[in-house]
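A short write-up of the structure that comes next.
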Amino acid sequence: MISIDEHRERILASVTPLPPREHALETARGLVLAAPVSTRWPVPLFDNSAMDGYAVRAADAVEGAELRVVGDIPAGSGEDPRFGPGEAVRIMTGAALPTDADAVVPVEHTDLGVFTGAVPPDRITVTRAPAPAAHIRRRGEDAAAGTVVVDAGAVLGPWQLATIASAGHARVQAHPAPRAAVISTGSELVGADTEPRRGQIPESNSLLIAAALRDAGAVVVHIGTVADEVATLRAELAAIDADLVVLSGGASVGAFDVVKAVLDASGPGRGPVRFDSVAMQPGKPQGFGVAPDGTLLFCLPGNPVSVAVSFEMFVRPAVRSLAARVDLDRPRATMPAGQGWRCPPGRTQVLPVVIEGGAVVPASAGGSGSHLVASLARATDFAIVPAETERVETGDLVDVMLVLTERENS
């Protein structure tokens, strides 16, 4: 058997971030910026008012001064009304400051206290004198023209997208989301709404994998279920155009393991996938390879818990690496065990768990068996127990991969 780290390193050594392309800001959320973004113009573009109030000459706006209102500037107006001593111009937040003004008196610092309508008043009385340049946002005070405001490598979230738009750009160069395909194999599989006959089970892996791929940042372009038939699987694979394909089932040593029959590098067809036994429970049988066209091929076991574990350990880091993310892994924490459990000899245990009162508790009384699919609905995280550990005792410190807990706390 090979270790988890060996299999993971072989996968990541084969992954190159997808080449960047141009994206509209509306479609770039979650992507990784490929080139720095600089401001096209100063930010702000012009001197503007930081308050709703009156643009004044500070020397005139002493406490108790009565000023005649001779103009009105709403936000977005291109007007520059002139005014002289003893006069003021009503102005709204964000509106361009008149050339003659050197301060703004907030409406709260006048005798009126509030704006009284669409038409400005004839006169105001200043109740609190402004400091020089009070309540003025100066041109370029946030960023000069040509200033880098978002660096390459940034993940484009709402704040970054807003900053880029404010800098004068509607499109960016970013690494695209990986396109992923999902194939669930097995002649025993039937639809979830079908009444299973003897020997049949509801198909759930494609739902699990597709949802996990989307959560990792991929775009799922194909979902298929095929029987254990070589020709059918070959045809399904040939019809796919994707950056990666995740197959489940048929990757072990069974007599009808169709995935190995089609893709095994050591088989008669000399396929592109190397199959290994990885020292982990669940998820021991694993396959990975790169198709001649560069498509990454992941061959996971068929049991749902094995699929969930295998995805987190191997597929998710590769998806994020394709997208040029540097944060490939879930965060981890060290927590005490809330109860004891047995561990498989010689294999790293990846156990679905829940966190109760700050302690780690197995999500199922049955342990980490790959068939314990019902425990997945209850589990929030995975405990990672080293291969040399024979048993976890109550109170022992355990390494925990935060899966759902990460999302709930983000």
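Here's how to read the names in the structure tokens: chain A, B, ... by the order shown, residue numbers from 1 in each chain, ligand numbers from 1 in the order shown.
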Q: Write out as a list in words which residues come within 9 Å of stretch 159-164 of chain A when counting only C-alpha atoms, dropping same-chain ones fewer than 3 positions away.
A: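 Counting only the stated atoms, we get Leu25, Glu26, Ala28, Arg29, Val37, Ser38, Thr39, Val149, Val150, Ala154, Val155, Leu156, Ala167, Gly168, His169, Ala170, Arg171 and Val172 of chain A.
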Given the selection you just returned, output its residues as a file containing N, CA and C atoms, formatted as a PDB file, in the first residue's frame.
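The new file result.pdb reads:
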```
ATOM      1  N   LEU A  25     -17.311  40.831 -14.961  1.00  0.00           N
ATOM      2  CA  LEU A  25     -17.364  40.832 -13.502  1.00  0.00           C
ATOM      3  C   LEU A  25     -18.564  40.056 -12.976  1.00  0.00           C
ATOM      4  N   GLU A  26     -19.663  40.098 -13.711  1.00  0.00           N
ATOM      5  CA  GLU A  26     -20.876  39.416 -13.256  1.00  0.00           C
ATOM      6  C   GLU A  26     -20.697  37.907 -13.181  1.00  0.00           C
ATOM      7  N   ALA A  28     -17.538  36.433 -12.611  1.00  0.00           N
ATOM      8  CA  ALA A  28     -16.187  36.154 -12.098  1.00  0.00           C
ATOM      9  C   ALA A  28     -16.164  35.823 -10.612  1.00  0.00           C
ATOM     10  N   ARG A  29     -17.297  35.829  -9.945  1.00  0.00           N
ATOM     11  CA  ARG A  29     -17.286  35.574  -8.500  1.00  0.00           C
ATOM     12  C   ARG A  29     -16.693  34.197  -8.208  1.00  0.00           C
ATOM     13  N   VAL A  37      -5.103  44.327 -11.005  1.00  0.00           N
ATOM     14  CA  VAL A  37      -6.026  45.348 -11.511  1.00  0.00           C
ATOM     15  C   VAL A  37      -5.632  46.695 -10.917  1.00  0.00           C
ATOM     16  N   SER A  38      -5.455  47.691 -11.801  1.00  0.00           N
ATOM     17  CA  SER A  38      -5.102  49.040 -11.376  1.00  0.00           C
ATOM     18  C   SER A  38      -6.242  50.001 -11.688  1.00  0.00           C
ATOM     19  N   THR A  39      -6.277  51.092 -10.976  1.00  0.00           N
ATOM     20  CA  THR A  39      -7.307  52.100 -11.211  1.00  0.00           C
ATOM     21  C   THR A  39      -7.060  52.809 -12.539  1.00  0.00           C
ATOM     22  N   VAL A 149      -5.143  47.906  -7.099  1.00  0.00           N
ATOM     23  CA  VAL A 149      -6.125  47.799  -6.021  1.00  0.00           C
ATOM     24  C   VAL A 149      -6.492  46.349  -5.705  1.00  0.00           C
ATOM     25  N   VAL A 150      -6.289  45.432  -6.656  1.00  0.00           N
ATOM     26  CA  VAL A 150      -6.499  44.002  -6.395  1.00  0.00           C
ATOM     27  C   VAL A 150      -5.336  43.249  -7.035  1.00  0.00           C
ATOM     28  N   ALA A 154      -5.756  36.978  -6.075  1.00  0.00           N
ATOM     29  CA  ALA A 154      -6.888  37.230  -5.189  1.00  0.00           C
ATOM     30  C   ALA A 154      -8.103  36.424  -5.640  1.00  0.00           C
ATOM     31  N   VAL A 155      -8.825  35.875  -4.688  1.00  0.00           N
ATOM     32  CA  VAL A 155     -10.100  35.217  -4.981  1.00  0.00           C
ATOM     33  C   VAL A 155     -11.164  36.304  -5.063  1.00  0.00           C
ATOM     34  N   LEU A 156     -11.907  36.306  -6.162  1.00  0.00           N
ATOM     35  CA  LEU A 156     -12.830  37.404  -6.428  1.00  0.00           C
ATOM     36  C   LEU A 156     -14.159  37.201  -5.705  1.00  0.00           C
ATOM     37  N   ALA A 167     -12.701  50.818  -9.918  1.00  0.00           N
ATOM     38  CA  ALA A 167     -11.449  51.199 -10.578  1.00  0.00           C
ATOM     39  C   ALA A 167     -11.624  51.394 -12.080  1.00  0.00           C
ATOM     40  N   GLY A 168     -12.845  51.124 -12.588  1.00  0.00           N
ATOM     41  CA  GLY A 168     -13.129  51.401 -13.990  1.00  0.00           C
ATOM     42  C   GLY A 168     -13.027  50.225 -14.923  1.00  0.00           C
ATOM     43  N   HIS A 169     -13.168  49.000 -14.394  1.00  0.00           N
ATOM     44  CA  HIS A 169     -13.045  47.805 -15.238  1.00  0.00           C
ATOM     45  C   HIS A 169     -14.320  46.983 -15.166  1.00  0.00           C
ATOM     46  N   ALA A 170     -14.780  46.523 -16.319  1.00  0.00           N
ATOM     47  CA  ALA A 170     -15.957  45.657 -16.371  1.00  0.00           C
ATOM     48  C   ALA A 170     -15.587  44.206 -16.607  1.00  0.00           C
ATOM     49  N   ARG A 171     -14.326  43.939 -16.980  1.00  0.00           N
ATOM     50  CA  ARG A 171     -13.876  42.585 -17.272  1.00  0.00           C
ATOM     51  C   ARG A 171     -12.499  42.386 -16.643  1.00  0.00           C
ATOM     52  N   VAL A 172     -12.174  41.128 -16.330  1.00  0.00           N
ATOM     53  CA  VAL A 172     -10.890  40.807 -15.714  1.00  0.00           C
ATOM     54  C   VAL A 172     -10.316  39.541 -16.342  1.00  0.00           C
TER      55      VAL A 172
END
```
Q. Can you list, as an MDAnalysis selection string, every protein, DNA or RNA residue that comes within 10 Å of A:Gly338 when you count only C-alpha atoms, leaving out same-chain residues fewer than 6 positions away?
A. chainID A and resid 354:362 392:397
Please write the residues from the selection above to a file, keeping C-alpha atoms, as a PDB file, in the first residue's frame.
```pdb
ATOM      1  CA  VAL A 354     -19.685  15.343  14.920  1.00  0.00           C
ATOM      2  CA  ILE A 355     -18.473  17.975  17.362  1.00  0.00           C
ATOM      3  CA  GLU A 356     -20.376  17.902  20.640  1.00  0.00           C
ATOM      4  CA  GLY A 357     -19.399  20.325  23.377  1.00  0.00           C
ATOM      5  CA  GLY A 358     -16.009  20.883  21.784  1.00  0.00           C
ATOM      6  CA  ALA A 359     -15.253  17.150  21.652  1.00  0.00           C
ATOM      7  CA  VAL A 360     -15.074  14.704  18.728  1.00  0.00           C
ATOM      8  CA  VAL A 361     -17.653  11.917  18.591  1.00  0.00           C
ATOM      9  CA  PRO A 362     -18.051   9.315  15.778  1.00  0.00           C
ATOM     10  CA  VAL A 392      -8.502   6.417  20.384  1.00  0.00           C
ATOM     11  CA  GLU A 393      -9.358   6.810  24.046  1.00  0.00           C
ATOM     12  CA  THR A 394     -11.707   9.379  25.575  1.00  0.00           C
ATOM     13  CA  GLY A 395      -9.794  12.626  26.016  1.00  0.00           C
ATOM     14  CA  ASP A 396      -7.105  11.838  23.424  1.00  0.00           C
ATOM     15  CA  LEU A 397      -6.347  14.769  21.124  1.00  0.00           C
TER      16      LEU A 397
END
```
Q: Using DSSP on the backbone, list every residue of stretch 183-315 of chain A that comes out as strand (DSSP E or B), and give them as a PyMOL selection string.
A: chain A and resi 183-185+189-190+201-202+219-226+244-248+264+273-278+280-281+285-290+296-300
For those residues, write N, CA and C atoms to a file as a short mmCIF file (atom, residue, chain, number, x, y, z; two decimals), in the first residue's frame.
```cif
data_model
loop_
_atom_site.label_atom_id
_atom_site.label_comp_id
_atom_site.auth_asym_id
_atom_site.auth_seq_id
_atom_site.Cartn_x
_atom_site.Cartn_y
_atom_site.Cartn_z
N ILE A 183 -19.25 10.25 -13.39
CA ILE A 183 -19.79 8.98 -13.88
C ILE A 183 -19.87 8.01 -12.71
N SER A 184 -21.05 7.53 -12.44
CA SER A 184 -21.27 6.52 -11.41
C SER A 184 -21.49 5.18 -12.11
N THR A 185 -20.70 4.17 -11.74
CA THR A 185 -20.79 2.89 -12.42
C THR A 185 -21.38 1.81 -11.52
N LEU A 189 -27.17 -0.25 -9.79
CA LEU A 189 -27.68 1.08 -9.45
C LEU A 189 -29.00 1.37 -10.15
N VAL A 190 -29.93 1.95 -9.41
CA VAL A 190 -31.21 2.39 -9.97
C VAL A 190 -31.49 3.79 -9.45
N ILE A 201 -29.64 -1.15 -5.69
CA ILE A 201 -29.56 -0.10 -4.66
C ILE A 201 -29.78 1.25 -5.33
N PRO A 202 -30.30 2.23 -4.58
CA PRO A 202 -30.45 3.57 -5.15
C PRO A 202 -29.09 4.20 -5.44
N VAL A 219 -17.49 23.59 -12.19
CA VAL A 219 -18.75 23.61 -12.92
C VAL A 219 -19.00 22.20 -13.44
N VAL A 220 -20.10 21.60 -13.04
CA VAL A 220 -20.40 20.23 -13.45
C VAL A 220 -21.08 20.27 -14.81
N VAL A 221 -20.42 19.67 -15.81
CA VAL A 221 -20.94 19.72 -17.19
C VAL A 221 -21.57 18.42 -17.63
N HIS A 222 -21.41 17.35 -16.85
CA HIS A 222 -21.96 16.06 -17.26
C HIS A 222 -22.13 15.18 -16.02
N ILE A 223 -23.27 14.51 -15.93
CA ILE A 223 -23.52 13.51 -14.89
C ILE A 223 -24.11 12.28 -15.57
N GLY A 224 -23.49 11.13 -15.35
CA GLY A 224 -23.99 9.92 -15.98
C GLY A 224 -23.89 8.71 -15.06
N THR A 225 -24.75 7.73 -15.30
CA THR A 225 -24.70 6.45 -14.60
C THR A 225 -24.65 5.36 -15.65
N VAL A 226 -23.67 4.46 -15.53
CA VAL A 226 -23.52 3.40 -16.54
C VAL A 226 -23.45 2.05 -15.85
N LEU A 244 -11.79 17.52 -15.80
CA LEU A 244 -11.60 16.34 -14.97
C LEU A 244 -12.85 15.49 -14.98
N VAL A 245 -12.65 14.20 -14.80
CA VAL A 245 -13.76 13.25 -14.70
C VAL A 245 -13.59 12.48 -13.40
N VAL A 246 -14.66 12.39 -12.64
CA VAL A 246 -14.65 11.62 -11.40
C VAL A 246 -15.57 10.43 -11.57
N LEU A 247 -14.99 9.22 -11.51
CA LEU A 247 -15.75 7.99 -11.62
C LEU A 247 -15.84 7.34 -10.26
N SER A 248 -16.95 6.71 -9.98
CA SER A 248 -17.09 5.96 -8.73
C SER A 248 -17.52 4.55 -9.05
N ASP A 264 -7.27 0.92 -16.72
CA ASP A 264 -6.08 0.49 -16.01
C ASP A 264 -4.84 0.52 -16.89
N VAL A 273 -4.72 5.26 -16.38
CA VAL A 273 -4.90 5.35 -14.94
C VAL A 273 -4.07 4.30 -14.21
N ARG A 274 -3.37 4.76 -13.16
CA ARG A 274 -2.67 3.84 -12.27
C ARG A 274 -3.54 3.61 -11.05
N PHE A 275 -3.79 2.36 -10.73
CA PHE A 275 -4.61 2.01 -9.58
C PHE A 275 -3.70 1.58 -8.43
N ASP A 276 -4.01 2.07 -7.24
CA ASP A 276 -3.20 1.80 -6.06
C ASP A 276 -4.09 1.43 -4.89
N SER A 277 -3.48 0.74 -3.92
CA SER A 277 -4.10 0.56 -2.62
C SER A 277 -3.50 1.60 -1.69
N VAL A 278 -4.34 2.48 -1.19
CA VAL A 278 -3.90 3.57 -0.32
C VAL A 278 -4.18 3.18 1.12
N MET A 280 -5.54 3.78 3.86
CA MET A 280 -6.56 4.59 4.53
C MET A 280 -7.84 3.78 4.65
N GLN A 281 -8.64 4.12 5.63
CA GLN A 281 -9.97 3.52 5.79
C GLN A 281 -10.97 4.62 6.13
N PRO A 285 -9.06 1.43 -2.24
CA PRO A 285 -8.79 1.36 -3.69
C PRO A 285 -8.93 2.72 -4.36
N GLN A 286 -7.86 3.20 -4.99
CA GLN A 286 -7.87 4.50 -5.64
C GLN A 286 -7.20 4.40 -7.00
N GLY A 287 -7.70 5.20 -7.93
CA GLY A 287 -7.06 5.28 -9.24
C GLY A 287 -6.97 6.72 -9.69
N PHE A 288 -5.86 7.05 -10.33
CA PHE A 288 -5.70 8.39 -10.88
C PHE A 288 -4.80 8.32 -12.11
N GLY A 289 -5.15 9.16 -13.09
CA GLY A 289 -4.31 9.27 -14.28
C GLY A 289 -4.72 10.48 -15.10
N VAL A 290 -3.97 10.71 -16.15
CA VAL A 290 -4.23 11.83 -17.04
C VAL A 290 -4.45 11.29 -18.44
N LEU A 296 -7.99 15.10 -16.31
CA LEU A 296 -7.66 14.35 -15.10
C LEU A 296 -8.74 13.31 -14.85
N LEU A 297 -8.32 12.11 -14.52
CA LEU A 297 -9.25 11.01 -14.29
C LEU A 297 -9.10 10.50 -12.86
N PHE A 298 -10.16 10.60 -12.08
CA PHE A 298 -10.17 10.11 -10.71
C PHE A 298 -11.09 8.90 -10.64
N CYS A 299 -10.58 7.81 -10.13
CA CYS A 299 -11.37 6.59 -10.01
C CYS A 299 -11.51 6.25 -8.54
N LEU A 300 -12.69 6.46 -8.00
CA LEU A 300 -12.94 6.31 -6.58
C LEU A 300 -13.69 5.01 -6.31
#
```
Q: With a distance cut-off of 10 Å and only C-alpha atoms, select the neighbouring residues of stretch 261-263 of chain A, excluding the residue or stretch itself and same-chain residues fewer than 4 positions from it, and output the selection as a ChimeraX atom specification.
A: /A:228-231,233-234,237,250-251,255-257,267-275,287-289,291,297,299
Q: For stretch 54-58 of chain A, list every protein, DNA or RNA residue within 10 Å, evaluated using only C-alpha atoms, and leave out those in the same chain fewer than 2 positions away; present the list as a VMD selection string.
A: chain A and resid 48 to 49 51 to 52 60 to 62 67 69 71 to 73 83 to 92 97 to 107 109 to 110 124 126 129 to 136
Q | alpha helix (DSSP H) residues, from DSSP on the backbone, in stretch 89-271 of chain A, as a VMD selection string | A | chain A and resid 158 to 166 205 to 216 230 to 238 258 to 263
Output N, CA and C atoms for every residue in the selection just made, as a compact mmCIF listing (two decimals), in the first residue's frame.
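In the end it all went to again.txt:
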```txt
# COMPACT_ATOMS: atom_id res chain seq x y z
N PRO A 158 -17.32 39.45 -3.34
CA PRO A 158 -18.10 40.69 -3.55
C PRO A 158 -17.28 41.96 -3.37
N TRP A 159 -16.39 42.00 -2.37
CA TRP A 159 -15.62 43.22 -2.12
C TRP A 159 -14.62 43.47 -3.24
N GLN A 160 -13.97 42.41 -3.68
CA GLN A 160 -12.98 42.57 -4.76
C GLN A 160 -13.66 43.00 -6.06
N LEU A 161 -14.80 42.40 -6.36
CA LEU A 161 -15.52 42.76 -7.59
C LEU A 161 -15.97 44.22 -7.56
N ALA A 162 -16.44 44.67 -6.41
CA ALA A 162 -16.86 46.07 -6.30
C ALA A 162 -15.68 47.01 -6.47
N THR A 163 -14.54 46.64 -5.90
CA THR A 163 -13.34 47.47 -6.03
C THR A 163 -12.90 47.56 -7.48
N ILE A 164 -12.95 46.45 -8.19
CA ILE A 164 -12.53 46.44 -9.60
C ILE A 164 -13.47 47.31 -10.44
N ALA A 165 -14.76 47.20 -10.18
CA ALA A 165 -15.70 48.06 -10.91
C ALA A 165 -15.44 49.52 -10.60
N SER A 166 -15.17 49.86 -9.33
CA SER A 166 -14.88 51.24 -8.96
C SER A 166 -13.60 51.74 -9.62
N ASN A 205 -24.10 8.26 -5.49
CA ASN A 205 -22.75 8.80 -5.61
C ASN A 205 -22.67 10.01 -6.54
N SER A 206 -23.44 9.97 -7.63
CA SER A 206 -23.35 11.09 -8.57
C SER A 206 -23.84 12.38 -7.92
N LEU A 207 -24.86 12.29 -7.08
CA LEU A 207 -25.35 13.47 -6.37
C LEU A 207 -24.29 13.98 -5.39
N LEU A 208 -23.69 13.06 -4.67
CA LEU A 208 -22.66 13.42 -3.69
C LEU A 208 -21.49 14.11 -4.38
N ILE A 209 -20.99 13.48 -5.44
CA ILE A 209 -19.80 14.01 -6.12
C ILE A 209 -20.10 15.33 -6.80
N ALA A 210 -21.23 15.42 -7.48
CA ALA A 210 -21.56 16.66 -8.19
C ALA A 210 -21.70 17.82 -7.21
N ALA A 211 -22.36 17.58 -6.09
CA ALA A 211 -22.52 18.64 -5.09
C ALA A 211 -21.16 19.04 -4.50
N ALA A 212 -20.30 18.05 -4.24
CA ALA A 212 -18.98 18.33 -3.69
C ALA A 212 -18.11 19.09 -4.70
N LEU A 213 -18.24 18.76 -5.97
CA LEU A 213 -17.49 19.47 -7.00
C LEU A 213 -17.91 20.94 -7.06
N ARG A 214 -19.20 21.18 -7.02
CA ARG A 214 -19.68 22.57 -7.05
C ARG A 214 -19.20 23.32 -5.81
N ASP A 215 -19.23 22.65 -4.67
CA ASP A 215 -18.77 23.28 -3.44
C ASP A 215 -17.27 23.62 -3.53
N ALA A 216 -16.51 22.81 -4.26
CA ALA A 216 -15.08 23.05 -4.42
C ALA A 216 -14.77 24.12 -5.46
N VAL A 230 -18.18 -2.61 -20.57
CA VAL A 230 -17.00 -1.92 -21.10
C VAL A 230 -17.37 -0.96 -22.22
N ALA A 231 -18.17 -1.42 -23.18
CA ALA A 231 -18.51 -0.58 -24.33
C ALA A 231 -19.29 0.65 -23.90
N THR A 232 -20.19 0.47 -22.94
CA THR A 232 -21.00 1.60 -22.47
C THR A 232 -20.14 2.65 -21.80
N LEU A 233 -19.21 2.20 -20.96
CA LEU A 233 -18.34 3.15 -20.28
C LEU A 233 -17.42 3.86 -21.27
N ARG A 234 -16.89 3.13 -22.24
CA ARG A 234 -16.04 3.77 -23.25
C ARG A 234 -16.81 4.86 -24.00
N ALA A 235 -18.04 4.57 -24.36
CA ALA A 235 -18.85 5.55 -25.09
C ALA A 235 -19.15 6.77 -24.21
N GLU A 236 -19.42 6.53 -22.93
CA GLU A 236 -19.71 7.63 -22.01
C GLU A 236 -18.49 8.55 -21.88
N LEU A 237 -17.31 7.96 -21.72
CA LEU A 237 -16.09 8.74 -21.59
C LEU A 237 -15.78 9.52 -22.88
N ALA A 238 -16.02 8.88 -24.03
CA ALA A 238 -15.70 9.52 -25.30
C ALA A 238 -16.56 10.75 -25.56
N VAL A 258 -15.54 -2.54 -14.04
CA VAL A 258 -15.49 -2.03 -15.40
C VAL A 258 -14.53 -0.85 -15.54
N VAL A 259 -14.40 -0.03 -14.51
CA VAL A 259 -13.50 1.12 -14.59
C VAL A 259 -12.06 0.66 -14.79
N LYS A 260 -11.64 -0.35 -14.04
CA LYS A 260 -10.29 -0.88 -14.22
C LYS A 260 -10.14 -1.53 -15.59
N ALA A 261 -11.17 -2.21 -16.03
CA ALA A 261 -11.11 -2.87 -17.34
C ALA A 261 -10.88 -1.87 -18.46
N VAL A 262 -11.42 -0.68 -18.34
CA VAL A 262 -11.32 0.32 -19.40
C VAL A 262 -10.07 1.19 -19.24
N LEU A 263 -9.70 1.56 -18.00
CA LEU A 263 -8.71 2.61 -17.80
C LEU A 263 -7.39 2.15 -17.20
```
Q: For each of A:Pro331, A:Gly283, A:Pro176, A:Pro19, take the minimum atom-to-atom distance to A:His7, counting only C-alpha atoms, then give the residue where this is smallest.
A: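 Once distances to A:His7 are computed over only C-alpha atoms, the minimum belongs to A:Gly283.
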Q: Compile the contact shell of A:Phe314 as JSON, numbers by chain: residues with an atom at most 8 Å away, counting only C-alpha atoms, same-chain residues fewer than 3 positions apart removed.
A: {"A": [7, 8, 11, 310, 311, 317, 318]}
Any chance you could export the current selection's N, CA and C atoms as a compact mmCIF listing (two decimals), in the first residue's frame?
```txt
# COMPACT_ATOMS: atom_id res chain seq x y z
N HIS A 7 -0.14 9.35 -2.64
CA HIS A 7 -1.16 9.42 -3.69
C HIS A 7 -1.53 10.87 -3.98
N ARG A 8 -1.67 11.67 -2.95
CA ARG A 8 -2.00 13.08 -3.11
C ARG A 8 -0.91 13.82 -3.88
N ILE A 11 -1.01 13.12 -7.55
CA ILE A 11 -2.11 13.83 -8.20
C ILE A 11 -1.74 15.29 -8.42
N SER A 310 -12.70 10.05 -0.07
CA SER A 310 -11.76 10.13 -1.19
C SER A 310 -11.83 11.50 -1.85
N PHE A 311 -13.02 12.03 -1.99
CA PHE A 311 -13.16 13.34 -2.61
C PHE A 311 -12.42 14.39 -1.80
N PRO A 317 -8.59 18.94 -3.46
CA PRO A 317 -7.35 19.71 -3.65
C PRO A 317 -6.99 19.90 -5.12
N ALA A 318 -7.24 18.89 -5.94
CA ALA A 318 -6.92 19.01 -7.37
C ALA A 318 -7.82 20.01 -8.07
```
Q. Out of A:Ile4, A:Leu351, A:Ala143, A:Ala174, which residue has the shortest atom-to-atom distance to A:Glu22 when counting only C-alpha atoms?
A.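 Ranking A:Ile4, A:Leu351, A:Ala143, A:Ala174 by distance to A:Glu22, first place goes to A:Ala174.
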Q. Rounded to one decimal in Å, what is the spacing between atom CA of A:Gln173 and atom CA of A:His23?
A.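 Distance between the two atoms: 6.3 Å.
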Q: May I ask for the distance between atom CA of A:Asp122 and atom CA of A:Gly76, given in Å to one decimal place?
A: 22.8 Å
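Pairwise distance (atom CA of A:Leu322, atom CA of A:Pro292) equals 17.2 Å.
Minimum atom-to-atom distance to A:Ala323, evaluated using only C-alpha atoms, belongs to A:Thr16 out of A:Ser77, A:Thr16, A:Ser204, A:Thr127.
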Q: May I ask which of the residues A:Ala337, A:Ala324, A:Val148, A:Ala308 is the closest one to A:Ala379, counting only C-alpha atoms?
A: A:Ala308
Q | Of the listed residues A:Leu33, A:Val119, A:Ile240, A:Ala59, that which approaches A:Gly153 most closely, counting only C-alpha atoms | A | A:Leu33
